[in-house]
>>> print(open('query_35.csv').read())   # CSV, C-alpha atoms
chain,number,residue,atom,x,y,z
J,1,MET,CA,-22.0,-26.7,-7.6
J,2,ALA,CA,-18.4,-25.6,-7.1
J,3,ARG,CA,-17.5,-22.3,-5.4
J,4,ALA,CA,-14.9,-19.7,-6.3
J,5,PHE,CA,-12.8,-17.3,-4.1
J,6,VAL,CA,-10.7,-14.5,-5.5
J,7,VAL,CA,-8.6,-12.7,-2.9
J,8,VAL,CA,-6.8,-9.5,-3.9
J,9,ILE,CA,-3.8,-8.7,-1.6
J,10,ASP,CA,-3.8,-5.1,-2.5
J,11,SER,CA,-0.6,-3.8,-4.2
J,12,VAL,CA,1.5,-7.0,-3.9
J,13,GLY,CA,3.2,-6.7,-7.3
J,14,ILE,CA,6.1,-8.8,-8.5
J,15,GLY,CA,7.8,-6.5,-10.9
J,16,GLY,CA,8.4,-6.9,-14.6
J,17,ALA,CA,5.6,-4.8,-16.2
J,18,PRO,CA,6.6,-4.3,-19.8
J,19,ASP,CA,5.3,-0.7,-19.8
J,20,ALA,CA,6.7,0.4,-16.4
J,21,ASP,CA,8.7,3.1,-18.1
J,22,GLN,CA,5.5,4.9,-18.9
J,23,PHE,CA,4.4,5.3,-15.2
J,24,PHE,CA,6.2,7.5,-12.7
J,25,ASN,CA,6.8,8.3,-9.1
J,26,ASP,CA,8.2,11.8,-8.4
J,27,GLY,CA,9.4,12.0,-12.0
J,28,ARG,CA,11.2,8.6,-11.9
J,29,PRO,CA,9.8,5.8,-14.1
J,30,ASP,CA,8.6,2.6,-12.4
J,31,THR,CA,11.1,0.5,-14.3
J,32,GLY,CA,12.7,-1.9,-11.9
J,33,ALA,CA,10.0,-1.6,-9.2
J,34,ASN,CA,9.3,-5.0,-7.5
J,35,THR,CA,7.1,-4.8,-4.4
J,36,LEU,CA,7.4,-8.4,-3.2
J,37,GLY,CA,10.9,-8.9,-4.5
J,38,HIS,CA,12.4,-5.9,-2.8
J,39,ILE,CA,10.7,-6.6,0.5
J,40,ALA,CA,12.1,-10.2,0.4
J,41,GLU,CA,15.5,-8.8,-0.4
J,42,ALA,CA,15.3,-6.3,2.5
J,43,CYS,CA,14.3,-9.0,4.9
J,44,ALA,CA,17.1,-11.3,3.8
J,45,SER,CA,19.7,-8.6,4.3
J,46,GLY,CA,18.4,-7.6,7.8
J,47,ARG,CA,16.8,-4.3,6.7
J,48,ALA,CA,13.3,-5.2,7.8
J,49,GLU,CA,13.6,-6.0,11.5
J,50,GLU,CA,10.9,-3.9,13.1
J,51,GLY,CA,8.5,-6.2,14.8
J,52,ARG,CA,9.9,-9.2,12.9
J,53,SER,CA,13.2,-10.8,12.0
J,54,GLY,CA,15.0,-12.7,9.3
J,55,PRO,CA,14.1,-13.8,5.8
J,56,LEU,CA,10.5,-13.2,4.6
J,57,ALA,CA,8.5,-16.2,5.8
J,58,VAL,CA,5.6,-16.9,3.4
J,59,PRO,CA,5.6,-20.7,3.0
J,60,VAL,CA,2.0,-21.1,2.0
J,61,MET,CA,2.2,-18.6,-0.9
J,62,ALA,CA,5.6,-20.2,-1.8
J,63,SER,CA,3.9,-23.6,-1.9
J,64,LEU,CA,1.4,-22.1,-4.4
J,65,GLY,CA,4.3,-21.1,-6.7
J,66,LEU,CA,5.1,-17.6,-5.7
J,67,VAL,CA,8.8,-17.8,-6.3
J,68,LYS,CA,8.3,-19.3,-9.8
J,69,ALA,CA,5.8,-16.5,-10.6
J,70,MET,CA,8.2,-13.8,-9.6
J,71,ARG,CA,11.0,-15.4,-11.6
J,72,ALA,CA,8.7,-15.5,-14.6
J,73,ALA,CA,7.5,-11.9,-14.1
J,74,SER,CA,10.8,-10.2,-13.7
J,75,GLY,CA,13.6,-12.7,-13.6
J,76,PHE,CA,14.0,-11.9,-9.9
J,77,ASP,CA,14.9,-14.9,-7.8
J,78,ALA,CA,13.4,-13.9,-4.5
J,79,PRO,CA,15.1,-15.1,-1.3
J,80,ILE,CA,11.9,-16.6,0.1
J,81,GLY,CA,12.8,-20.3,0.3
J,82,HIS,CA,11.5,-23.3,-1.5
J,83,VAL,CA,8.8,-25.7,-0.3
J,84,PRO,CA,6.9,-28.5,-2.0
J,85,GLN,CA,4.3,-27.1,-4.4
J,86,ILE,CA,0.6,-27.8,-3.7
J,87,GLY,CA,-0.9,-25.4,-6.2
J,88,GLY,CA,-0.3,-23.5,-9.4
J,89,ALA,CA,0.9,-20.1,-10.3
J,90,ALA,CA,0.6,-17.6,-13.2
J,91,VAL,CA,1.9,-14.1,-13.9
J,92,ALA,CA,-0.7,-11.5,-14.9
J,93,THR,CA,-0.1,-8.4,-17.0
J,94,GLU,CA,-2.5,-5.5,-17.0
J,95,ILE,CA,-3.4,-3.6,-20.2
J,96,SER,CA,-5.5,-0.7,-18.7
J,97,LYS,CA,-3.6,2.5,-18.6
J,98,GLY,CA,-3.6,3.0,-14.9
J,99,LYS,CA,-2.0,1.6,-11.8
J,100,ASP,CA,-4.9,2.1,-9.4
J,101,THR,CA,-7.6,0.2,-7.7
J,102,PRO,CA,-10.5,0.4,-10.2
J,103,SER,CA,-8.2,-0.4,-13.2
J,104,GLY,CA,-6.8,-3.5,-11.6
J,105,HIS,CA,-10.0,-4.8,-10.0
J,106,TRP,CA,-12.2,-4.2,-13.1
J,107,GLU,CA,-9.7,-5.9,-15.4
J,108,LEU,CA,-9.4,-8.8,-13.0
J,109,ALA,CA,-13.2,-9.0,-13.2
J,110,GLY,CA,-13.0,-9.1,-17.1
J,111,VAL,CA,-13.4,-5.4,-18.0
J,112,PRO,CA,-10.3,-3.4,-19.0
J,113,VAL,CA,-10.7,0.4,-18.6
J,114,PRO,CA,-11.5,1.9,-22.0
J,115,TRP,CA,-10.6,5.5,-21.2
J,116,ASP,CA,-7.8,7.6,-19.8
J,117,TRP,CA,-8.4,8.5,-16.1
J,118,HIS,CA,-8.6,12.1,-15.1
J,119,VAL,CA,-6.0,13.2,-12.6
J,120,PHE,CA,-5.1,16.4,-10.8
J,121,PRO,CA,-1.4,16.9,-11.7
J,122,ASP,CA,-0.7,20.0,-9.8
J,123,LYS,CA,1.0,19.3,-6.4
J,124,THR,CA,-0.6,22.4,-4.8
J,125,ASN,CA,-3.9,24.1,-5.6
J,126,SER,CA,-4.7,20.8,-7.1
J,127,PHE,CA,-8.4,21.2,-7.6
J,128,PRO,CA,-10.0,23.7,-10.0
J,129,PRO,CA,-12.0,26.5,-8.5
J,130,ASP,CA,-15.4,25.2,-9.7
J,131,ILE,CA,-14.7,21.8,-7.9
J,132,VAL,CA,-13.7,23.6,-4.7
J,133,ALA,CA,-16.8,25.7,-4.9
J,134,GLN,CA,-19.0,22.7,-5.3
J,135,ILE,CA,-17.3,20.9,-2.3
J,136,CYS,CA,-17.9,24.0,-0.2
J,137,ALA,CA,-21.5,24.3,-1.2
J,138,PHE,CA,-22.2,20.6,-0.4
J,139,ALA,CA,-20.3,20.8,2.9
J,140,GLY,CA,-21.8,24.2,3.9
J,141,THR,CA,-18.3,25.7,4.6
J,142,ASP,CA,-16.5,28.8,3.4
J,143,GLY,CA,-13.4,26.9,2.2
J,144,ILE,CA,-11.4,23.6,2.2
J,145,LEU,CA,-8.1,22.6,3.6
J,146,GLY,CA,-5.3,20.8,1.8
J,147,ASN,CA,-6.0,21.2,-1.9
J,148,CYS,CA,-2.8,19.4,-2.6
J,149,HIS,CA,-1.0,16.1,-3.2
J,150,ALA,CA,-0.5,14.5,0.2
J,151,SER,CA,-0.1,11.3,2.2
J,152,GLY,CA,-3.3,10.4,4.1
J,153,THR,CA,-1.5,10.3,7.4
J,154,GLU,CA,0.6,13.4,7.0
J,155,VAL,CA,-2.4,15.5,5.9
J,156,LEU,CA,-4.0,14.8,9.2
J,157,LYS,CA,-1.0,16.0,11.1
J,158,THR,CA,-0.8,19.1,9.0
J,159,PHE,CA,-4.5,20.1,8.8
J,160,GLY,CA,-6.3,18.0,11.4
J,161,GLN,CA,-6.3,20.6,14.2
J,162,GLU,CA,-7.3,23.4,11.9
J,163,HIS,CA,-10.1,21.2,10.4
J,164,MET,CA,-11.5,20.6,13.9
J,165,GLN,CA,-11.5,24.4,14.6
J,166,SER,CA,-12.8,25.6,11.3
J,167,GLY,CA,-15.0,22.8,10.1
J,168,ARG,CA,-13.4,22.9,6.6
J,169,PRO,CA,-13.0,19.5,5.1
J,170,ILE,CA,-9.5,18.3,4.2
J,171,CYS,CA,-9.3,17.6,0.5
J,172,TYR,CA,-6.2,16.0,-1.2
J,173,THR,CA,-5.2,13.8,-4.1
J,174,SER,CA,-2.2,12.0,-5.6
J,175,VAL,CA,-1.0,10.8,-9.0
J,176,ASP,CA,-3.9,8.4,-9.0
J,177,SER,CA,-7.4,9.3,-10.3
J,178,VAL,CA,-8.8,10.2,-6.9
J,179,LEU,CA,-10.1,12.9,-4.6
J,180,GLN,CA,-10.0,12.1,-1.0
J,181,ILE,CA,-11.9,14.0,1.7
J,182,ALA,CA,-10.9,13.6,5.4
J,183,ALA,CA,-13.0,14.8,8.2
J,184,HIS,CA,-13.3,14.2,12.0
J,185,GLU,CA,-16.1,11.7,12.8
J,186,GLU,CA,-17.2,13.6,15.9
J,187,THR,CA,-16.7,17.3,15.1
J,188,PHE,CA,-17.6,17.2,11.4
J,189,GLY,CA,-19.7,14.0,11.5
J,190,LEU,CA,-19.4,10.7,9.8
J,191,GLU,CA,-22.8,10.8,8.0
J,192,ARG,CA,-22.1,14.4,6.9
J,193,LEU,CA,-18.8,13.3,5.4
J,194,LEU,CA,-20.3,10.4,3.6
J,195,THR,CA,-23.1,12.6,2.2
J,196,LEU,CA,-20.6,15.2,1.0
J,197,CYS,CA,-18.6,12.5,-0.9
J,198,LYS,CA,-21.7,11.0,-2.3
J,199,ASP,CA,-23.0,14.4,-3.5
J,200,ILE,CA,-19.7,15.5,-5.2
J,201,ALA,CA,-18.9,12.1,-6.8
J,202,PRO,CA,-21.2,12.4,-9.8
J,203,THR,CA,-19.5,15.6,-11.0
J,204,LEU,CA,-16.1,14.0,-10.7
J,205,HIS,CA,-17.2,10.7,-12.3
J,206,LYS,CA,-18.3,12.7,-15.4
J,207,MET,CA,-14.7,13.8,-15.7
J,208,ASN,CA,-13.6,10.1,-15.6
J,209,LEU,CA,-12.1,10.5,-12.1
J,210,GLY,CA,-12.0,7.1,-10.6
J,211,ARG,CA,-13.0,7.6,-7.0
J,212,VAL,CA,-14.0,10.0,-4.3
J,213,ILE,CA,-12.9,8.5,-1.0
J,214,ALA,CA,-14.3,9.5,2.4
J,215,ARG,CA,-11.5,9.3,5.0
J,216,PRO,CA,-13.0,9.7,8.5
J,217,PHE,CA,-10.7,10.0,11.4
J,218,LEU,CA,-10.7,10.4,15.2
J,219,GLY,CA,-8.4,11.9,17.8
J,220,SER,CA,-7.7,15.1,19.6
J,221,GLY,CA,-4.5,16.3,18.1
J,222,PRO,CA,-1.6,15.6,15.6
J,223,ASP,CA,-0.1,12.9,17.9
J,224,ASP,CA,-3.2,10.7,18.1
J,225,PHE,CA,-5.2,11.5,14.9
J,226,LYS,CA,-6.0,8.1,13.4
J,227,ARG,CA,-8.1,7.1,10.4
J,228,THR,CA,-11.1,4.8,11.2
J,229,ALA,CA,-12.4,1.7,9.5
J,230,ASN,CA,-15.4,3.7,8.2
J,231,ARG,CA,-13.7,4.6,4.9
J,232,LYS,CA,-16.0,4.5,1.9
J,233,ASP,CA,-15.1,4.7,-1.8
J,234,PHE,CA,-17.5,6.3,-4.2
J,235,ALA,CA,-16.2,4.8,-7.4
J,236,ILE,CA,-17.2,5.4,-11.0
J,237,ALA,CA,-19.3,2.5,-12.2
J,238,PRO,CA,-17.6,-0.2,-14.4
J,239,PRO,CA,-18.3,0.5,-18.1
J,240,ALA,CA,-19.6,-3.0,-18.8
J,241,PRO,CA,-20.9,-6.0,-16.9
J,242,THR,CA,-18.1,-7.6,-14.8
J,243,LEU,CA,-17.6,-11.1,-13.3
J,244,CYS,CA,-19.9,-10.0,-10.4
J,245,ASP,CA,-22.7,-9.3,-12.9
J,246,TRP,CA,-22.1,-12.5,-14.8
J,247,ALA,CA,-22.4,-14.6,-11.7
J,248,ALA,CA,-25.4,-12.8,-10.4
J,249,GLU,CA,-27.2,-13.0,-13.7
J,250,ALA,CA,-26.5,-16.8,-13.7
J,251,GLY,CA,-28.3,-17.0,-10.3
J,252,ARG,CA,-25.2,-17.3,-8.2
J,253,SER,CA,-24.7,-15.4,-4.9
J,254,VAL,CA,-21.8,-12.9,-5.0
J,255,TYR,CA,-20.3,-12.0,-1.6
J,256,ALA,CA,-17.9,-9.1,-1.2
J,257,VAL,CA,-15.2,-8.7,1.5
J,258,GLY,CA,-13.6,-5.3,2.1
J,259,LYS,CA,-13.9,-2.5,-0.4
J,260,ILE,CA,-15.0,-4.7,-3.3
J,261,GLY,CA,-18.6,-3.5,-2.9
J,262,ASP,CA,-17.5,0.1,-3.4
J,263,ILE,CA,-15.2,-0.7,-6.3
J,264,PHE,CA,-18.0,-2.3,-8.2
J,265,SER,CA,-20.7,0.1,-7.1
J,266,MET,CA,-22.5,-3.0,-5.6
J,267,ARG,CA,-23.4,-4.2,-9.0
J,268,GLY,CA,-24.2,-7.9,-8.8
J,269,ILE,CA,-23.2,-8.2,-5.2
J,270,LYS,CA,-25.6,-9.8,-2.7
J,271,GLU,CA,-23.8,-8.9,0.5
J,272,VAL,CA,-20.7,-7.0,1.6
J,273,ARG,CA,-18.7,-7.2,4.8
J,274,LYS,CA,-16.2,-4.6,5.8
J,275,GLY,CA,-13.6,-3.9,8.5
J,276,ARG,CA,-9.8,-3.8,9.0
J,277,ASP,CA,-7.8,-6.6,7.5
J,278,VAL,CA,-8.0,-8.8,10.6
J,279,GLU,CA,-11.8,-8.6,10.6
J,280,LEU,CA,-11.9,-9.2,6.9
J,281,MET,CA,-10.0,-12.4,7.3
J,282,ARG,CA,-12.6,-13.6,9.7
J,283,HIS,CA,-15.3,-12.6,7.3
J,284,LEU,CA,-13.5,-14.5,4.5
J,285,SER,CA,-13.1,-17.6,6.7
J,286,ASP,CA,-16.8,-17.4,7.6
J,287,PHE,CA,-17.7,-17.4,3.9
J,288,ALA,CA,-15.4,-20.4,3.3
J,289,ARG,CA,-17.5,-22.3,5.9
J,290,GLU,CA,-20.9,-20.9,5.1
J,291,ALA,CA,-21.2,-19.8,1.5
J,292,GLU,CA,-23.6,-22.0,-0.5
J,293,ASP,CA,-22.7,-24.1,-3.4
J,294,GLY,CA,-22.1,-22.2,-6.6
J,295,SER,CA,-21.3,-18.9,-4.9
J,296,PHE,CA,-18.5,-16.4,-5.7
J,297,VAL,CA,-16.6,-14.6,-2.9
J,298,PHE,CA,-14.5,-11.6,-3.9
J,299,ALA,CA,-12.2,-10.1,-1.2
J,300,ASN,CA,-9.7,-7.2,-1.0
J,301,PHE,CA,-7.2,-6.8,1.8
J,302,VAL,CA,-6.3,-3.1,1.5
J,303,GLU,CA,-3.8,-2.6,4.4
J,304,PHE,CA,-0.8,-3.9,2.4
J,305,ASP,CA,-1.3,-0.7,0.3
J,306,SER,CA,-2.8,1.9,2.6
J,307,GLU,CA,-0.8,1.1,5.8
J,308,TYR,CA,2.5,0.0,4.4
J,309,GLY,CA,3.0,0.6,0.7
J,310,HIS,CA,2.1,4.3,0.6
J,311,ARG,CA,4.0,4.9,3.9
J,312,ARG,CA,7.1,3.1,2.5
J,313,ASP,CA,7.1,0.9,5.6
J,314,VAL,CA,9.1,-2.2,4.5
J,315,SER,CA,9.0,-4.0,7.9
J,316,GLY,CA,5.3,-3.4,8.3
J,317,TYR,CA,4.6,-4.7,4.8
J,318,ALA,CA,6.7,-7.8,5.6
J,319,ARG,CA,4.9,-8.4,8.8
J,320,HIS,CA,1.5,-8.1,7.1
J,321,LEU,CA,2.6,-10.6,4.4
J,322,GLU,CA,3.7,-13.1,7.0
J,323,TRP,CA,0.4,-12.6,8.9
J,324,PHE,CA,-1.6,-13.1,5.7
J,325,ASP,CA,0.4,-16.2,4.8
J,326,LYS,CA,-0.5,-17.9,8.1
J,327,GLU,CA,-4.1,-17.0,7.7
J,328,LEU,CA,-4.1,-18.2,4.1
J,329,GLY,CA,-3.0,-21.7,5.3
J,330,ALA,CA,-5.9,-21.9,7.7
J,331,LEU,CA,-8.3,-20.7,4.9
J,332,ILE,CA,-7.1,-23.4,2.6
J,333,GLY,CA,-7.7,-26.0,5.3
J,334,SER,CA,-11.4,-24.9,5.4
J,335,LEU,CA,-12.1,-25.1,1.7
J,336,GLN,CA,-14.3,-27.7,0.1
J,337,SER,CA,-12.7,-30.3,-2.3
J,338,ASP,CA,-14.2,-28.6,-5.4
J,339,ASP,CA,-13.5,-25.0,-4.5
J,340,LEU,CA,-11.3,-22.7,-6.5
J,341,LEU,CA,-9.1,-20.2,-4.7
J,342,ILE,CA,-7.1,-17.5,-6.6
J,343,VAL,CA,-4.8,-15.1,-4.7
J,344,THR,CA,-3.7,-12.1,-6.8
J,345,ALA,CA,-3.1,-8.4,-6.7
J,346,ASP,CA,-4.2,-5.3,-8.5
J,347,HIS,CA,-1.0,-3.3,-8.9
J,348,GLY,CA,2.3,-2.7,-7.1
J,349,ASN,CA,3.3,-0.3,-4.3
J,350,ASP,CA,7.0,-1.0,-3.7
J,351,PRO,CA,7.8,0.3,-0.2
J,352,THR,CA,11.5,0.7,-1.2
J,353,TRP,CA,10.7,2.9,-4.2
J,354,ILE,CA,10.9,6.7,-4.5
J,355,GLY,CA,7.8,8.7,-3.9
J,356,THR,CA,4.6,7.4,-2.1
J,357,ASP,CA,2.4,6.2,-5.0
J,358,HIS,CA,1.6,2.9,-6.6
J,359,THR,CA,4.1,1.2,-8.9
J,360,ARG,CA,3.4,-0.4,-12.3
J,361,GLU,CA,4.1,-4.1,-12.0
J,362,ARG,CA,2.9,-7.5,-13.0
J,363,VAL,CA,1.0,-9.5,-10.3
J,364,PRO,CA,1.0,-13.1,-9.1
J,365,VAL,CA,-1.9,-15.3,-9.7
J,366,LEU,CA,-1.7,-18.2,-7.1
J,367,VAL,CA,-4.2,-21.0,-7.7
J,368,TYR,CA,-5.4,-23.6,-5.3
J,369,GLY,CA,-7.8,-26.4,-6.3
J,370,LYS,CA,-6.6,-27.1,-9.8
J,371,GLY,CA,-3.6,-29.3,-9.0
J,372,VAL,CA,0.1,-28.6,-9.1
J,373,ARG,CA,0.6,-26.7,-12.4
J,374,ASP,CA,2.5,-23.7,-13.8
J,375,PHE,CA,0.1,-21.6,-15.8
J,376,GLY,CA,2.6,-19.2,-17.3
J,377,HIS,CA,1.8,-15.6,-18.5
J,378,VAL,CA,-1.8,-14.6,-18.5
J,379,GLY,CA,-3.8,-11.3,-18.7
J,380,PHE,CA,-5.8,-9.8,-15.9
J,381,VAL,CA,-9.0,-10.5,-17.8
J,382,ASP,CA,-8.1,-14.2,-17.9
J,383,VAL,CA,-8.7,-14.4,-14.1
J,384,ALA,CA,-12.3,-13.6,-14.7
J,385,ALA,CA,-12.6,-16.1,-17.5
J,386,SER,CA,-11.1,-18.8,-15.4
J,387,VAL,CA,-13.4,-18.2,-12.5
J,388,ALA,CA,-16.4,-18.2,-14.8
J,389,GLU,CA,-15.4,-21.5,-16.3
J,390,HIS,CA,-15.0,-23.0,-12.8
J,391,LEU,CA,-18.4,-21.8,-11.8
J,392,GLY,CA,-20.0,-23.1,-15.1
J,393,ILE,CA,-21.2,-19.7,-16.2
J,394,ALA,CA,-20.7,-18.0,-19.6
J,395,PRO,CA,-17.7,-15.5,-19.6
J,396,ARG,CA,-17.8,-12.3,-21.7
J,397,GLY,CA,-15.1,-10.1,-23.2
J,398,THR,CA,-11.7,-11.0,-24.3
J,399,GLY,CA,-10.4,-13.2,-21.5
J,400,ARG,CA,-9.5,-16.9,-21.8
J,401,SER,CA,-9.5,-19.5,-19.1
J,402,PHE,CA,-6.1,-20.8,-18.1
J,403,ILE,CA,-7.3,-23.5,-15.6
>>> encode(input="query_35.csv", output="structure tokens")
Amino acid sequence: MARAFVVVIDSVGIGGAPDADQFFNDGRPDTGANTLGHIAEACASGRAEEGRSGPLAVPVMASLGLVKAMRAASGFDAPIGHVPQIGGAAVATEISKGKDTPSGHWELAGVPVPWDWHVFPDKTNSFPPDIVAQICAFAGTDGILGNCHASGTEVLKTFGQEHMQSGRPICYTSVDSVLQIAAHEETFGLERLLTLCKDIAPTLHKMNLGRVIARPFLGSGPDDFKRTANRKDFAIAPPAPTLCDWAAEAGRSVYAVGKIGDIFSMRGIKEVRKGRDVELMRHLSDFAREAEDGSFVFANFVEFDSEYGHRRDVSGYARHLEWFDKELGALIGSLQSDDLLIVTADHGNDPTWIGTDHTRERVPVLVYGKGVRDFGHVGFVDVAASVAEHLGIAPRGTGRSFI
């Protein structure tokens, strides 16, 4: 039986979302945001030279139709270079009213979000008193730090030292439907942090808040505080069976790489492997060699988003794209002749844009294993339907296969 691999390169949007004017960063609509296009533009003009140089070099993704996909998405002719095409490309448009991780991943797995996400809109004193009181009760502390919209790295510099001295957890949010809790792995304790997030999550999920995220860190002061790879997302459960469930119910093994297990509350998933992106690529390569016939491998590479998009680091984002592209070439070389590989994204995070939050964009759908074809415009849900058809299992919902 054939196998299928879906790889989400987190936040690698290609512009052109028809409803971008309804989503905002610091009061400015996302109209015109184009994560990949603006990175390529910056590289070509010499504005992304830290740790790399010259035009953006992603020949493998280009050979799968990346340039055509971007042109179809937004009319943007990216300065990436043209190579012979070996795969097919589509452009996917999201219908869920969110530009966040659960919305994008669930819809790619066949289930659009049927509700409006709860958010904490106030930039300071973001969390209501009853939520703060519950966090304190679960944490066993007399207060919290932060209680604001903040960058995950800046919040450590601002509150990390005080956290180590007081023991109070650092709680922050953004325009996304999320509450993040940062704590030092040694002075506060990793298990204590994970338990805190697990305990408070059900209350927030009842409010339709998408995720409570544990953000452990190490270091002795602002100059060396660094988040560790022990992040864990406590996500609200999908409202209906997803592609992971469909495959598991059909007797197929479902393997998760990265934060996929957290996003889908482990529903339908047989095994999950985590780590930083370099480790995740090794895990994905191992599954390409070892996963049995008929299995489904679902991967997320988060550092495009967490390390470079939110930090508005254009050079870093470009370096990571070039690293991924080289690894993708090796991955393709290890696939079996009847495997399906889809490389896509869940939203945008344009590092040239105002603010620090995600951007509403269409995403590329790069397909290897179905010949040299252009698949045109599709919905996020059509990715799930296409994978289901390839695996020979019955899809559900509104998606239609494009392969």
>>> atom_distance(input="query_35.csv", atom1="CA of Ser166 (chain J)", atom2="CA of Gly140 (chain J)")
11.7 Å
>>> atom_distance(input="query_35.csv", atom1="CA of Leu321 (chain J)", atom2="CA of Pro55 (chain J)")
12.0 Å
>>> atom_distance(input="query_35.csv", atom1="CA of Gly65 (chain J)", atom2="CA of Arg3 (chain J)")
21.9 Å
>>> closest_residue(input="query_35.csv", among="J:Ser126, J:Ser96, J:Thr101, J:Ser295", to="Gly379 (chain J)", atoms="all atoms listed in the file")
J:Ser96
>>> residues_around(input="query_35.csv", residues="Ala183 (chain J)", least_positions_apart="4", cutoff="12 Å", atoms="all atoms listed in the file", output="PyMOL selection string")
chain J and resi 139+144-146+152+155-156+159-172+187-197+213-219+225-228+230-231
>>> closest_atom_pairs(input="query_35.csv", of="region 35-91 of chain J", to="region 304-314 of chain J", cutoff="10 Å", atoms="all atoms listed in the file", output="Markdown table")
| residue | atom | partner | partner_atom | distance |
| --- | --- | --- | --- | --- |
| J:Thr35 | CA | J:Gly309 | CA | 8.5 |
| J:His38 | CA | J:Val314 | CA | 8.8 |
| J:Ile39 | CA | J:Val314 | CA | 6.2 |
| J:Ala40 | CA | J:Val314 | CA | 9.5 |
| J:Ala42 | CA | J:Val314 | CA | 7.7 |
| J:Cys43 | CA | J:Val314 | CA | 8.6 |
| J:Arg47 | CA | J:Val314 | CA | 8.3 |
| J:Ala48 | CA | J:Val314 | CA | 6.1 |
| J:Glu49 | CA | J:Val314 | CA | 9.1 |
| J:Glu50 | CA | J:Val314 | CA | 8.9 |
>>> decode(input="query_35.csv", residues="region 101-134 of chain J", atoms="C-alpha atoms", output="PDB file, in the first residue's frame")
ATOM      1  CA  THR J 101      -1.728  26.999  14.111  1.00  0.00           C
ATOM      2  CA  PRO J 102      -4.909  25.059  14.994  1.00  0.00           C
ATOM      3  CA  SER J 103      -7.006  26.730  12.301  1.00  0.00           C
ATOM      4  CA  GLY J 104      -4.503  26.011   9.554  1.00  0.00           C
ATOM      5  CA  HIS J 105      -3.599  22.466  10.578  1.00  0.00           C
ATOM      6  CA  TRP J 106      -7.134  21.305  11.316  1.00  0.00           C
ATOM      7  CA  GLU J 107      -8.373  22.625   7.990  1.00  0.00           C
ATOM      8  CA  LEU J 108      -5.471  20.992   6.139  1.00  0.00           C
ATOM      9  CA  ALA J 109      -6.606  17.793   7.890  1.00  0.00           C
ATOM     10  CA  GLY J 110     -10.176  18.245   6.631  1.00  0.00           C
ATOM     11  CA  VAL J 111     -11.881  20.130   9.474  1.00  0.00           C
ATOM     12  CA  PRO J 112     -12.444  23.907   9.205  1.00  0.00           C
ATOM     13  CA  VAL J 113     -12.913  25.696  12.515  1.00  0.00           C
ATOM     14  CA  PRO J 114     -16.664  26.210  13.115  1.00  0.00           C
ATOM     15  CA  TRP J 115     -16.333  28.924  15.780  1.00  0.00           C
ATOM     16  CA  ASP J 116     -14.693  32.285  16.408  1.00  0.00           C
ATOM     17  CA  TRP J 117     -11.573  31.926  18.537  1.00  0.00           C
ATOM     18  CA  HIS J 118     -11.407  33.670  21.884  1.00  0.00           C
ATOM     19  CA  VAL J 119      -8.555  36.164  22.164  1.00  0.00           C
ATOM     20  CA  PHE J 120      -7.270  38.546  24.825  1.00  0.00           C
ATOM     21  CA  PRO J 121      -7.266  41.902  23.014  1.00  0.00           C
ATOM     22  CA  ASP J 122      -5.869  44.148  25.760  1.00  0.00           C
ATOM     23  CA  LYS J 123      -2.135  44.735  25.358  1.00  0.00           C
ATOM     24  CA  THR J 124      -1.619  45.082  29.123  1.00  0.00           C
ATOM     25  CA  ASN J 125      -3.540  43.412  31.941  1.00  0.00           C
ATOM     26  CA  SER J 126      -4.542  40.974  29.219  1.00  0.00           C
ATOM     27  CA  PHE J 127      -6.034  38.215  31.352  1.00  0.00           C
ATOM     28  CA  PRO J 128      -9.202  38.636  33.446  1.00  0.00           C
ATOM     29  CA  PRO J 129      -8.831  38.384  37.232  1.00  0.00           C
ATOM     30  CA  ASP J 130     -10.537  34.998  37.467  1.00  0.00           C
ATOM     31  CA  ILE J 131      -8.047  33.451  35.016  1.00  0.00           C
ATOM     32  CA  VAL J 132      -5.125  35.014  36.867  1.00  0.00           C
ATOM     33  CA  ALA J 133      -6.490  33.657  40.138  1.00  0.00           C
ATOM     34  CA  GLN J 134      -6.768  30.137  38.710  1.00  0.00           C
TER      35      GLN J 134
END
